[in-house]
file target.cif (mmCIF, C-alpha atoms)
data_final
#
loop_
_atom_site.label_atom_id
_atom_site.label_comp_id
_atom_site.auth_asym_id
_atom_site.auth_seq_id
_atom_site.Cartn_x
_atom_site.Cartn_y
_atom_site.Cartn_z
CA MET T 14 0.00 0.00 0.00
CA LEU T 15 2.82 2.36 0.88
CA ASP T 16 4.42 2.05 -2.50
CA SER T 17 1.14 2.33 -4.39
CA PRO T 18 1.08 4.98 -7.12
CA ARG T 19 -1.82 6.75 -5.39
CA PHE T 20 0.10 7.16 -2.18
CA SER T 21 3.16 8.40 -4.04
CA ILE T 22 0.96 11.00 -5.69
CA ALA T 23 -0.55 11.91 -2.35
CA VAL T 24 2.76 12.59 -0.65
CA ARG T 25 4.27 14.33 -3.65
CA ARG T 26 1.64 17.07 -3.87
CA THR T 27 3.33 19.73 -1.74
CA PRO T 28 6.64 18.34 -0.69
CA LEU T 29 7.91 21.37 1.20
CA ALA T 30 4.92 21.54 3.48
CA VAL T 31 5.22 17.84 4.15
CA GLU T 32 8.84 18.21 5.17
CA ASP T 33 7.88 21.02 7.53
CA ARG T 34 5.16 19.02 9.17
CA ARG T 35 7.01 15.79 9.24
CA SER T 36 9.34 17.21 11.83
CA THR T 37 6.44 17.41 14.28
CA MET T 38 5.54 13.76 13.85
CA VAL T 39 7.07 11.34 16.26
CA SER T 40 5.71 8.07 14.89
CA ASP T 41 8.15 5.64 13.36
CA ASP T 42 5.34 3.49 12.07
CA PRO T 43 5.24 4.03 8.29
CA VAL T 44 1.46 3.66 8.24
CA HIS T 45 1.02 6.29 10.95
CA ARG T 46 3.47 8.53 9.13
CA ARG T 47 1.64 8.10 5.84
CA ASP T 48 -1.71 8.78 7.50
CA GLY T 49 -0.26 11.75 9.34
CA ILE T 50 0.89 13.32 6.11
CA LEU T 51 -2.48 12.83 4.47
CA ILE T 52 -4.28 14.18 7.53
CA GLU T 53 -2.13 17.29 7.62
CA ARG T 54 -2.88 17.92 3.97
CA ALA T 55 -6.57 17.28 4.44
CA VAL T 56 -6.74 19.63 7.40
CA GLY T 57 -5.08 22.21 5.20
CA GLY T 58 -8.00 21.90 2.78
CA ASP T 59 -6.70 19.24 0.40
CA LEU T 60 -9.78 17.15 -0.32
CA ASP T 61 -7.79 14.72 -2.45
CA ALA T 62 -5.64 13.88 0.55
CA PHE T 63 -8.73 13.07 2.59
CA ASN T 64 -10.09 11.00 -0.28
CA ASP T 65 -6.83 9.08 -0.32
CA LEU T 66 -7.51 8.19 3.31
CA VAL T 67 -11.01 7.14 2.31
CA LEU T 68 -9.61 4.86 -0.37
CA LEU T 69 -7.13 3.37 2.07
CA TYR T 70 -9.70 2.58 4.75
CA GLN T 71 -13.08 2.22 3.11
CA ASN T 72 -12.88 -1.54 2.56
CA MET T 73 -11.59 -2.15 6.08
CA LEU T 74 -14.34 0.02 7.56
CA TYR T 75 -17.05 -1.53 5.45
CA GLY T 76 -15.83 -4.98 6.48
CA LEU T 77 -16.06 -3.96 10.12
CA VAL T 78 -19.44 -2.29 9.91
CA VAL T 79 -21.12 -4.94 7.77
CA ARG T 80 -20.51 -7.45 10.54
CA MET T 81 -22.32 -5.22 12.98
CA VAL T 82 -25.08 -3.99 10.68
CA PRO T 83 -26.42 -6.93 8.73
CA ASP T 84 -28.21 -4.75 6.19
CA ARG T 85 -25.72 -3.76 3.48
CA ASP T 86 -27.36 -0.45 2.64
CA GLN T 87 -27.39 0.54 6.28
CA ALA T 88 -23.78 -0.53 6.62
CA SER T 89 -22.86 1.64 3.63
CA ASP T 90 -24.72 4.59 5.11
CA ALA T 91 -22.94 4.13 8.43
CA VAL T 92 -19.54 4.06 6.71
CA GLN T 93 -20.40 7.16 4.69
CA GLU T 94 -21.54 8.90 7.86
CA ALA T 95 -18.29 7.92 9.56
CA PHE T 96 -16.24 9.50 6.78
CA PHE T 97 -18.39 12.64 6.88
CA SER T 98 -17.91 12.86 10.62
CA ALA T 99 -14.17 12.24 10.29
CA TYR T 100 -13.89 15.01 7.70
CA ARG T 101 -15.79 17.43 9.93
CA ASN T 102 -13.63 16.62 12.94
CA LEU T 103 -10.30 15.95 11.29
CA SER T 104 -8.68 19.01 12.81
CA ARG T 105 -9.34 17.50 16.24
CA PHE T 106 -7.53 14.26 15.48
CA ARG T 107 -4.86 14.14 18.16
CA GLY T 108 -2.40 11.81 16.49
CA GLY T 109 -1.97 8.10 17.08
CA SER T 110 -3.65 5.54 14.93
CA PHE T 111 -6.01 6.97 12.32
CA LYS T 112 -7.32 3.45 11.79
CA SER T 113 -8.42 3.19 15.43
CA TRP T 114 -9.88 6.69 15.35
CA ILE T 115 -11.92 6.16 12.20
CA SER T 116 -12.92 2.66 13.38
CA ARG T 117 -14.24 4.16 16.60
CA ILE T 118 -16.33 6.67 14.66
CA ALA T 119 -17.61 3.90 12.37
CA VAL T 120 -18.45 1.61 15.29
CA ASN T 121 -20.50 4.38 16.88
CA ALA T 122 -22.21 5.11 13.57
CA ALA T 123 -23.00 1.42 13.17
CA MET T 124 -24.37 1.14 16.69
CA ASP T 125 -26.47 4.26 16.20
CA ALA T 126 -27.81 2.79 12.96
CA GLN T 127 -28.72 -0.42 14.75
CA ARG T 128 -30.44 1.40 17.58
CA LEU T 129 -32.37 3.51 15.09
CA LYS T 130 -33.47 0.37 13.32
CA LYS T 131 -34.64 -1.12 16.59
CA ARG T 132 -36.71 1.98 17.31
CA ARG T 133 -38.23 1.92 13.81
CA PRO T 134 -38.47 -1.70 12.81
CA ALA T 135 -40.15 -0.99 9.47
CA ASP T 136 -38.31 -3.76 7.68
CA PRO T 137 -37.99 -7.31 8.88
CA TYR T 138 -34.54 -7.96 10.25
CA PRO T 139 -32.60 -9.26 7.28
CA GLU T 140 -30.35 -12.25 7.44
CA TYR T 141 -26.71 -11.64 6.87
CA GLU T 142 -26.43 -11.70 3.13
CA ASP T 143 -22.81 -10.75 2.73
CA ASP T 144 -20.62 -13.81 2.37
CA SER T 145 -17.90 -11.95 0.54
CA TRP T 146 -15.86 -11.31 3.67
CA GLN T 147 -15.54 -14.92 4.66
CA PRO T 148 -11.99 -16.13 4.47
CA PRO T 149 -11.35 -17.81 1.16
CA SER T 150 -10.74 -21.48 1.34
CA GLY T 151 -7.26 -22.68 0.67
CA GLU T 152 -6.49 -24.50 -2.53
CA ALA T 153 -5.77 -27.66 -0.61
CA ASP T 154 -9.21 -27.68 1.04
CA ASP T 155 -11.50 -30.37 -0.19
CA PRO T 156 -15.08 -29.49 -1.14
CA GLU T 157 -16.52 -31.10 1.97
CA THR T 158 -14.36 -28.98 4.28
CA THR T 159 -15.16 -25.87 2.30
CA ALA T 160 -18.89 -26.57 2.46
CA LEU T 161 -18.68 -27.24 6.19
CA GLN T 162 -16.76 -24.02 6.76
CA ALA T 163 -19.28 -22.05 4.71
CA GLU T 164 -22.12 -23.55 6.72
CA ARG T 165 -20.38 -22.68 10.00
CA HIS T 166 -19.93 -19.11 8.86
CA ARG T 167 -23.53 -18.86 7.79
CA VAL T 168 -24.74 -20.21 11.14
CA ILE T 169 -22.38 -17.97 13.13
CA ASN T 170 -23.48 -14.91 11.15
CA GLY T 171 -27.12 -15.78 11.71
CA ALA T 172 -26.57 -16.03 15.46
CA LEU T 173 -24.55 -12.81 15.55
CA ALA T 174 -27.44 -11.06 13.83
CA GLN T 175 -29.79 -12.11 16.62
CA ILE T 176 -27.87 -11.00 19.70
CA THR T 177 -28.00 -7.43 20.97
CA THR T 178 -26.22 -4.62 19.14
CA ASP T 179 -23.82 -4.00 22.01
CA GLN T 180 -22.94 -7.68 22.37
CA ARG T 181 -22.48 -8.07 18.62
CA ALA T 182 -20.22 -5.01 18.44
CA ALA T 183 -18.07 -6.27 21.31
CA ILE T 184 -17.75 -9.78 19.87
CA VAL T 185 -16.99 -8.58 16.34
CA LEU T 186 -14.39 -6.11 17.56
CA PHE T 187 -12.75 -8.67 19.85
CA ASP T 188 -12.97 -11.95 17.99
CA VAL T 189 -13.10 -10.84 14.37
CA GLU T 190 -11.21 -7.57 14.29
CA GLY T 191 -8.74 -8.54 16.98
CA TYR T 192 -8.95 -5.40 19.13
CA ASP T 193 -8.16 -5.83 22.81
CA TYR T 194 -10.54 -5.06 25.67
CA ALA T 195 -9.09 -1.61 26.35
CA GLU T 196 -9.34 -0.57 22.70
CA ILE T 197 -12.94 -1.74 22.50
CA ALA T 198 -13.75 0.09 25.73
CA THR T 199 -12.38 3.30 24.22
CA MET T 200 -14.19 2.75 20.94
CA THR T 201 -17.54 2.10 22.52
CA ASP T 202 -17.26 4.52 25.46
CA VAL T 203 -17.77 1.89 28.16
CA SER T 204 -15.59 0.32 30.83
CA ILE T 205 -13.41 -2.72 30.22
CA GLY T 206 -15.63 -4.70 32.59
CA THR T 207 -18.65 -3.86 30.48
CA VAL T 208 -16.83 -4.95 27.33
CA LYS T 209 -15.96 -8.31 28.91
CA SER T 210 -19.48 -8.74 30.17
CA ARG T 211 -20.94 -8.01 26.73
CA ILE T 212 -18.63 -10.53 25.11
CA HIS T 213 -19.40 -13.28 27.63
CA ARG T 214 -23.14 -12.66 27.60
CA GLY T 215 -23.10 -12.46 23.82
CA ARG T 216 -21.36 -15.82 23.57
CA LEU T 217 -23.83 -17.34 26.03
CA ALA T 218 -26.70 -15.95 23.97
CA MET T 219 -25.18 -17.35 20.79
CA ARG T 220 -24.76 -20.73 22.43
CA ASP T 221 -28.43 -20.72 23.43
CA LEU T 222 -29.41 -19.82 19.88
CA LEU T 223 -27.19 -22.50 18.37
CA LEU T 224 -27.79 -25.27 20.85
CA ASP T 225 -29.18 -27.52 18.11
CA ARG T 226 -26.30 -26.72 15.75
CA MET T 227 -23.38 -27.00 18.15
CA ASP T 228 -22.34 -30.27 16.53
CA LEU T 229 -21.02 -28.10 13.68
CA PHE T 230 -18.46 -26.58 16.01
CA ARG T 231 -17.57 -29.44 18.34
CA GLY T 232 -14.51 -31.52 17.67
CA MET Y 16 -29.14 -34.31 47.03
CA PRO Y 17 -30.29 -32.31 43.96
CA SER Y 18 -30.20 -33.93 40.56
CA GLY Y 19 -27.52 -32.89 38.06
CA SER Y 20 -29.59 -30.43 36.02
CA LEU Y 21 -31.11 -28.85 39.13
CA ARG Y 22 -27.66 -28.41 40.53
CA HIS Y 23 -26.52 -26.90 37.22
CA GLU Y 24 -29.25 -24.28 37.36
CA SER Y 25 -27.68 -22.89 40.48
CA HIS Y 26 -24.34 -22.47 38.70
CA ASP Y 27 -23.45 -19.08 37.24
CA ALA Y 28 -23.18 -19.50 33.46
CA GLU Y 29 -21.44 -16.15 33.10
CA LEU Y 30 -18.76 -17.27 35.52
CA VAL Y 31 -18.21 -20.35 33.36
CA ALA Y 32 -18.02 -18.02 30.32
CA ARG Y 33 -15.48 -15.82 32.08
CA PHE Y 34 -13.44 -18.85 33.05
CA SER Y 35 -13.48 -20.33 29.56
CA ALA Y 36 -12.27 -17.01 28.15
CA GLY Y 37 -9.51 -16.72 30.75
CA ASP Y 38 -11.15 -13.69 32.37
CA ALA Y 39 -12.08 -15.21 35.74
CA THR Y 40 -10.46 -13.70 38.82
CA MET Y 41 -8.29 -15.79 41.12
CA ALA Y 42 -11.20 -16.04 43.55
CA GLU Y 43 -13.51 -17.35 40.80
CA ILE Y 44 -11.17 -19.85 39.21
CA ASP Y 45 -11.47 -22.52 41.92
CA GLU Y 46 -15.25 -22.45 41.92
CA ALA Y 47 -15.48 -22.52 38.11
CA GLN Y 48 -13.02 -25.39 37.93
CA ARG Y 49 -15.02 -27.34 40.50
CA TRP Y 50 -18.24 -26.87 38.54
CA ILE Y 51 -16.62 -27.88 35.29
CA GLU Y 52 -15.14 -31.01 36.86
CA THR Y 53 -18.31 -32.09 38.63
CA CYS Y 54 -21.14 -30.74 36.47
CA PRO Y 55 -21.46 -32.19 32.95
CA GLU Y 56 -23.60 -29.25 31.78
CA CYS Y 57 -21.01 -26.71 32.93
CA SER Y 58 -18.29 -28.75 31.28
CA ALA Y 59 -20.25 -28.84 27.98
CA LEU Y 60 -20.99 -25.13 28.27
CA ALA Y 61 -17.32 -24.25 28.71
CA SER Y 62 -16.22 -26.32 25.74
CA ASP Y 63 -19.09 -24.98 23.57
CA LEU Y 64 -18.15 -21.40 24.40
CA ARG Y 65 -14.54 -22.02 23.46
CA ALA Y 66 -15.63 -23.65 20.20
CA LEU Y 67 -17.93 -20.72 19.41
CA ALA Y 68 -15.25 -18.12 20.08
CA SER Y 69 -12.92 -20.03 17.84
CA ALA Y 70 -15.57 -20.29 15.12
CA VAL Y 71 -16.22 -16.56 15.26
CA ARG Y 72 -12.49 -15.91 14.99
CA GLU Y 73 -12.42 -18.12 11.89
CA THR Y 74 -14.55 -15.55 10.12
CA ARG Y 75 -11.73 -13.02 10.52
CA PRO Y 76 -10.69 -11.91 7.03
CA LEU Y 77 -7.23 -12.93 5.98
CA ALA Y 78 -4.79 -10.10 5.31
CA GLY Y 79 -5.18 -8.91 1.76
CA ALA Y 80 -7.79 -11.48 0.89
CA GLY Y 81 -11.37 -12.09 1.80
CA ALA Y 82 -11.99 -8.56 3.02
CA PRO Y 83 -15.25 -7.30 1.59
CA ALA Y 84 -15.02 -4.71 -1.09
CA ALA Y 85 -16.92 -1.55 -0.28
CA PRO Y 86 -20.07 -1.57 -2.39
CA ARG Y 87 -19.63 2.05 -3.37
CA ASP Y 88 -17.05 4.77 -3.45
CA PHE Y 89 -17.11 6.72 -0.20
CA ARG Y 90 -14.87 9.54 -1.40
CA LEU Y 91 -16.23 12.99 -0.72
CA THR Y 92 -17.22 15.29 -3.54
CA PRO Y 93 -16.31 19.00 -3.37
CA GLY Y 94 -20.01 19.61 -2.64
CA ASP Y 95 -19.90 17.25 0.34
CA ALA Y 96 -16.76 18.94 1.60
CA ALA Y 97 -18.27 22.42 1.31
CA ARG Y 98 -21.42 21.29 3.12
CA LEU Y 99 -19.44 19.62 5.89
CA ARG Y 100 -17.20 22.65 6.38
CA ARG Y 101 -20.19 24.87 7.20
CA PRO Y 102 -20.49 25.01 10.98
CA GLY Y 103 -23.69 23.52 12.33
CA PRO Y 104 -25.03 24.18 15.81
CA TRP Y 105 -22.90 21.40 17.26
CA GLN Y 106 -19.80 22.70 15.56
CA ILE Y 107 -20.39 26.12 17.09
CA PHE Y 108 -20.29 24.51 20.49
CA GLY Y 109 -17.27 22.67 19.16
CA THR Y 110 -15.30 25.91 19.07
CA LEU Y 111 -14.62 25.17 22.70
CA ARG Y 112 -12.50 22.43 21.14
CA THR Y 113 -12.41 19.67 23.69
CA PRO Y 114 -15.27 17.56 25.03
CA GLY Y 115 -13.73 17.95 28.48
CA ALA Y 116 -14.08 21.73 28.36
CA LEU Y 117 -17.60 21.41 27.03
CA ARG Y 118 -18.48 18.96 29.77
CA GLY Y 119 -17.08 21.23 32.47
CA LEU Y 120 -18.82 24.34 31.21
CA GLY Y 121 -22.04 22.45 30.53
CA GLY Y 122 -22.07 20.89 33.98
CA ALA Y 123 -21.41 24.23 35.64
CA LEU Y 124 -24.15 25.99 33.68
CA ALA Y 125 -26.66 23.21 34.27
CA THR Y 126 -25.94 23.22 37.99
CA LEU Y 127 -26.17 26.99 38.15
CA GLY Y 128 -29.47 26.90 36.27
CA LEU Y 129 -30.90 24.21 38.49
CA VAL Y 130 -29.89 26.02 41.66
CA GLY Y 131 -31.23 29.29 40.25
CA LEU Y 132 -34.57 27.68 39.46
CA LEU Y 133 -34.81 26.18 42.92
CA VAL Y 134 -33.87 29.45 44.57
CA SER Y 135 -36.22 31.56 42.47
CA ALA Y 136 -39.10 29.16 43.01
CA GLY Y 137 -38.57 28.09 46.59
CA LEU Y 138 -36.53 30.59 48.51
CA PRO Y 139 -38.71 33.71 48.07
CA ALA Y 140 -41.72 31.72 49.20
CA LEU Y 141 -39.83 30.60 52.25
CA LEU Y 142 -38.33 33.96 53.13
CA GLY Y 143 -41.40 35.94 52.10
CA GLY Y 144 -43.67 33.71 54.09
CA VAL Y 145 -41.60 34.20 57.18
CA GLY Y 146 -41.41 37.93 56.61
CA GLY Y 147 -45.11 38.22 55.99
CA SER Y 148 -46.00 36.27 59.02
CA ALA Y 149 -43.51 38.24 61.10
CA ALA Y 150 -45.42 41.36 60.24
CA SER Y 151 -48.69 39.91 61.38
CA GLY Y 152 -47.41 37.35 63.82
CA SER Y 153 -47.95 39.54 66.87
CA ALA Y 154 -51.60 39.98 66.03
CA GLU Y 155 -52.36 36.44 64.96
CA GLY Y 156 -50.27 34.24 67.18
CA PRO Y 157 -47.76 31.50 66.39
CA ASP Y 158 -50.02 29.52 64.00
CA ALA Y 159 -49.84 32.31 61.46
CA THR Y 160 -46.08 31.94 61.28
CA VAL Y 161 -46.39 28.25 60.48
CA PHE Y 162 -48.83 28.82 57.62
CA GLY Y 163 -47.12 32.02 56.54
CA ALA Y 164 -43.85 30.21 55.98
CA PHE Y 165 -45.37 28.41 53.02
CA ALA Y 166 -47.38 31.32 51.67
CA PRO Y 167 -46.23 33.66 48.89
CA VAL Y 168 -45.02 37.09 49.98
CA ALA Y 169 -47.57 39.44 48.55
CA PRO Y 170 -50.78 37.53 49.15
CA ALA Y 171 -49.80 37.10 52.78
CA ALA Y 172 -49.23 40.81 53.17
CA THR Y 173 -52.55 41.64 51.52
CA ALA Y 174 -54.36 39.16 53.66
CA ASP Y 175 -52.74 40.63 56.73
CA THR Y 176 -53.84 44.09 55.73
CA ARG Y 177 -57.37 42.97 55.10
CA LEU Y 178 -57.52 41.12 58.40
CA GLU Y 179 -56.84 44.41 60.13
CA ILE Y 180 -60.07 45.97 58.75
CA LYS Y 181 -62.85 45.41 61.15
CA ALA Y 182 -66.31 46.93 60.92
CA THR Y 183 -66.98 49.36 63.69
CA GLY Y 184 -70.56 50.14 62.88
CA ASP Y 185 -69.69 53.75 62.07
CA PRO Y 186 -69.82 54.22 58.26
CA GLN Y 187 -67.39 57.14 58.28
CA ALA Y 188 -64.86 55.36 60.44
CA ASP Y 189 -65.21 52.25 58.29
CA ALA Y 190 -64.61 54.26 55.10
CA GLU Y 191 -61.52 55.86 56.61
CA ALA Y 192 -60.25 52.50 57.71
CA GLU Y 193 -60.85 51.11 54.19
CA ALA Y 194 -59.03 54.07 52.63
CA GLY Y 195 -56.15 53.63 55.02
CA ALA Y 196 -55.93 49.97 54.22
CA THR Y 197 -55.90 50.70 50.50
CA THR Y 198 -53.17 53.29 50.91
CA ALA Y 199 -51.13 50.85 52.95
CA GLY Y 200 -51.71 48.15 50.31
CA GLU Y 201 -50.25 50.19 47.43
CA PRO Y 202 -46.60 49.96 48.50
CA ALA Y 203 -47.19 46.26 49.23
CA ALA Y 204 -48.58 45.72 45.73
CA ALA Y 205 -45.67 47.62 44.19
CA SER Y 206 -43.24 45.60 46.24
CA ARG Y 207 -45.05 42.42 45.18
CA ASP Y 208 -44.82 43.36 41.50
CA GLY Y 209 -41.11 44.13 41.89
CA ALA Y 210 -40.46 40.85 43.66
CA LEU Y 211 -42.38 38.90 41.06
CA SER Y 212 -40.54 40.64 38.27
CA SER Y 213 -37.09 39.93 39.70
CA GLN Y 214 -38.18 36.40 40.59
CA ALA Y 215 -39.29 35.83 37.00
CA THR Y 216 -36.04 37.26 35.68
CA VAL Y 217 -33.99 34.95 37.88
CA ALA Y 218 -36.17 32.00 36.93
CA LEU Y 219 -35.88 32.73 33.21
CA GLY Y 220 -32.14 33.24 33.43
CA SER Y 221 -31.76 30.04 35.38
CA PHE Y 222 -33.87 28.12 32.90
CA ALA Y 223 -31.76 29.46 30.03
CA ALA Y 224 -28.57 28.46 31.87
CA LEU Y 225 -29.97 24.99 32.50
CA VAL Y 226 -30.93 24.50 28.83
CA LEU Y 227 -27.58 25.81 27.61
CA GLY Y 228 -25.73 23.63 30.11
CA LEU Y 229 -27.63 20.52 29.02
CA ALA Y 230 -26.99 21.39 25.37
CA LEU Y 231 -23.26 21.70 26.06
CA LEU Y 232 -23.24 18.37 27.86
CA LEU Y 233 -25.01 16.79 24.89
CA ALA Y 234 -22.53 18.43 22.52
CA SER Y 235 -19.61 17.08 24.50
CA ARG Y 236 -21.11 13.60 24.35
CA ARG Y 237 -21.62 13.89 20.59
CA GLY Y 238 -18.12 15.25 20.19
CA SER Y 239 -16.69 12.34 22.09
CA ARG Y 240 -18.66 9.85 19.97
CA GLN Y 241 -17.54 11.52 16.76
CA GLY Y 242 -13.93 11.18 17.68
CA THR Y 243 -13.25 14.74 18.75
#
call {"tool": "encode", "arguments": {"input": "target.cif", "output": "structure tokens"}}
result
Amino acid sequence: MLDSPRFSIAVRRTPLAVEDRRSTMVSDDPVHRRDGILIERAVGGDLDAFNDLVLLYQNMLYGLVVRMVPDRDQASDAVQEAFFSAYRNLSRFRGGSFKSWISRIAVNAAMDAQRLKKRRPADPYPEYEDDSWQPPSGEADDPETTALQAERHRVINGALAQITTDQRAAIVLFDVEGYDYAEIATMTDVSIGTVKSRIHRGRLAMRDLLLDRMDLFRG
Amino acid sequence: MPSGSLRHESHDAELVARFSAGDATMAEIDEAQRWIETCPECSALASDLRALASAVRETRPLAGAGAPAAPRDFRLTPGDAARLRRPGPWQIFGTLRTPGALRGLGGALATLGLVGLLVSAGLPALLGGVGGSAASGSAEGPDATVFGAFAPVAPAATADTRLEIKATGDPQADAEAEAGATTAGEPAAASRDGALSSQATVALGSFAALVLGLALLLASRRGSRQGT
């Protein structure tokens, strides 16, 4: 990603200004440094720089949100809202990981979307329809294993769709996205204890929902 | 001796969940281990929860592959950017920059407003009632003070004035007494109007402070949620 032509273009736009600002950045992480440069440009009014950030993170964010908001259109709206919010508040970004910052905004947008849907349940709750984010099967996998894995994913997604929004968000962020408890607590504005409790209760709820299908996961 | 399933119902499933995820405290570990060793349902629950967590983790997208492609392009147009740059009501509050500052100011204003409302609504009644009854207390005895403490200022004073008017049977004397009472009531009425006016001003100001304080608190919460 760092050596992509788009990124090269992004950092080449106003090289002098970048050099000036780079001196204020302390991160050695190339991703943080790249994001920092784009953020500085975007704050300075360079919309293309912000759109480069959008291109870098939109798939990741959509992948995160679509696990929390089963309806694809709603997930798209939540991601769009997250980018709007990020653009509005970019000048208040205090450094660190842009990925975590934008993920936090997207998680809140997704949770708001879910709560709104609960308050106005005009449409029936759709099943997860997005299978595109399931890990691709390896070439060595035989068809039976692949089919079993697909069925497990389908069943897991169905159960995730039925637990509460808060529990789903906590489980997706912890188990799927790999964030730790403290990061999830920051993202969702709750204590670490609450995060743990949501994860454990969510798993218990999923187990209750899948009691008849647990043979898929045992052994 | 309770049967197995009855005994299981008394076991804390969340504790088993915490234990199976490695989140149980030292004090909880022994109990959870005992349940899992002696209760088949708890044992099955623990292994099911581990299997489920592992299955959910399996859905994690592999790096560079399997991640869903965004269904549309989320890049902002110049029109979006111009619209988003215009300050909305929340952004105006945002000029205070940090949610912490907003929270502090909002909390202070809300508290001030609440106290102001309480004072403007309750305190004058309390003080006025005492004052009013003090004026008439000597004539009416201690009971008047008790009731007067909960009575508004002006009505108490008027009532006191009117209580003083007693028919004497002499029309001229009665008329003079009435005139005297009216003359004495005018400053009381003026004072009442003034008190009401300042009371209303304080109440309105306090209400405005309360609303503004709550709005700032809300803004700080929104700011915090939007990553500011």
call {"tool": "closest_atom_pairs", "arguments": {"input": "target.cif", "of": "chain T", "to": "chain Y", "cutoff": "7 Å", "atoms": "all atoms listed in the file", "output": "tab-separated table"}}
result
residue	atom	partner	partner_atom	distance
T:Asn64	CA	Y:Arg90	CA	5.1
T:Val67	CA	Y:Arg90	CA	5.9
T:Gln71	CA	Y:Ala85	CA	6.4
T:Asn72	CA	Y:Ala85	CA	4.9
T:Tyr75	CA	Y:Ala85	CA	5.7
T:Gly76	CA	Y:Pro83	CA	5.4
T:Gln93	CA	Y:Phe89	CA	5.9
T:Ser98	CA	Y:Gln241	CA	6.3
T:Arg101	CA	Y:Leu99	CA	5.9
T:Asn102	CA	Y:Thr243	CA	6.1
T:Arg105	CA	Y:Thr243	CA	5.4
T:Phe106	CA	Y:Thr243	CA	6.6
T:Trp114	CA	Y:Gly242	CA	6.5
T:Ile118	CA	Y:Gln241	CA	5.4
T:Asn121	CA	Y:Arg240	CA	6.5
T:Ser145	CA	Y:Pro83	CA	5.5
T:Trp146	CA	Y:Pro83	CA	4.6
T:Gln147	CA	Y:Thr74	CA	5.6
T:Pro148	CA	Y:Gly81	CA	4.9
T:Pro149	CA	Y:Gly81	CA	5.8
T:His166	CA	Y:Thr74	CA	6.6
T:Ile169	CA	Y:Val71	CA	6.7
T:Asp188	CA	Y:Arg72	CA	5.0
T:Val189	CA	Y:Arg75	CA	4.6
T:Glu190	CA	Y:Arg75	CA	6.6
T:His213	CA	Y:Ala32	CA	5.6
T:Arg214	CA	Y:Glu29	CA	6.7
T:Arg216	CA	Y:Leu64	CA	6.5
T:Arg220	CA	Y:Leu64	CA	6.9
T:Phe230	CA	Y:Ala66	CA	5.8
T:Arg231	CA	Y:Ala66	CA	6.4
call {"tool": "atom_distance", "arguments": {"input": "target.cif", "atom1": "atom CA of T:Val168", "atom2": "atom CA of T:Leu223"}}
result
8.0 Å
call {"tool": "closest_residue", "arguments": {"input": "target.cif", "among": "T:Val208, T:Ala55, T:Val82, T:Ala172", "to": "T:Tyr100", "atoms": "all atoms listed in the file"}}
result
T:Ala55
call {"tool": "atom_distance", "arguments": {"input": "target.cif", "atom1": "atom CA of T:Thr199", "atom2": "atom CA of T:Val56"}}
result
24.1 Å
call {"tool": "atom_distance", "arguments": {"input": "target.cif", "atom1": "atom CA of T:Leu186", "atom2": "atom CA of T:Asp90"}}
result
19.4 Å
call {"tool": "closest_residue", "arguments": {"input": "target.cif", "among": "T:Met200, T:Met81, T:Gln175, T:Glu53", "to": "T:Arg107", "atoms": "all atoms listed in the file"}}
result
T:Glu53
call {"tool": "closest_residue", "arguments": {"input": "target.cif", "among": "T:Phe187, T:Phe111, T:Phe97, T:Tyr192", "to": "T:Tyr70", "atoms": "all atoms listed in the file"}}
result
T:Phe111
call {"tool": "closest_residue", "arguments": {"input": "target.cif", "among": "T:Lys130, T:Lys209, T:Lys112, T:Arg54", "to": "T:Pro83", "atoms": "all atoms listed in the file"}}
result
T:Lys130
call {"tool": "residues_near_point", "arguments": {"input": "target.cif", "point": "(-32.2, 25.9, 30.4)", "cutoff": "12 Å", "atoms": "all atoms listed in the file", "output": "PyMOL selection string"}}
result
chain Y and resi 121-122+124-132+217-232
call {"tool": "resolve_selection", "arguments": {"input": "target.cif", "expression": "the PyMOL selection byres ((chain T and resi 173) around 9)", "output": "short mmCIF file (atom, residue, chain, number, x, y, z; two decimals) with C-alpha atoms, in the frame of the given file"}}
result
data_model
loop_
_atom_site.label_atom_id
_atom_site.label_comp_id
_atom_site.auth_asym_id
_atom_site.auth_seq_id
_atom_site.Cartn_x
_atom_site.Cartn_y
_atom_site.Cartn_z
CA ARG T 80 -20.51 -7.45 10.54
CA MET T 81 -22.32 -5.22 12.98
CA VAL T 168 -24.74 -20.21 11.14
CA ILE T 169 -22.38 -17.97 13.13
CA ASN T 170 -23.48 -14.91 11.15
CA GLY T 171 -27.12 -15.78 11.71
CA ALA T 172 -26.57 -16.03 15.46
CA ALA T 174 -27.44 -11.06 13.83
CA GLN T 175 -29.79 -12.11 16.62
CA ILE T 176 -27.87 -11.00 19.70
CA THR T 177 -28.00 -7.43 20.97
CA GLN T 180 -22.94 -7.68 22.37
CA ARG T 181 -22.48 -8.07 18.62
CA ILE T 184 -17.75 -9.78 19.87
CA VAL T 185 -16.99 -8.58 16.34
CA GLY T 215 -23.10 -12.46 23.82
CA MET T 219 -25.18 -17.35 20.79
#
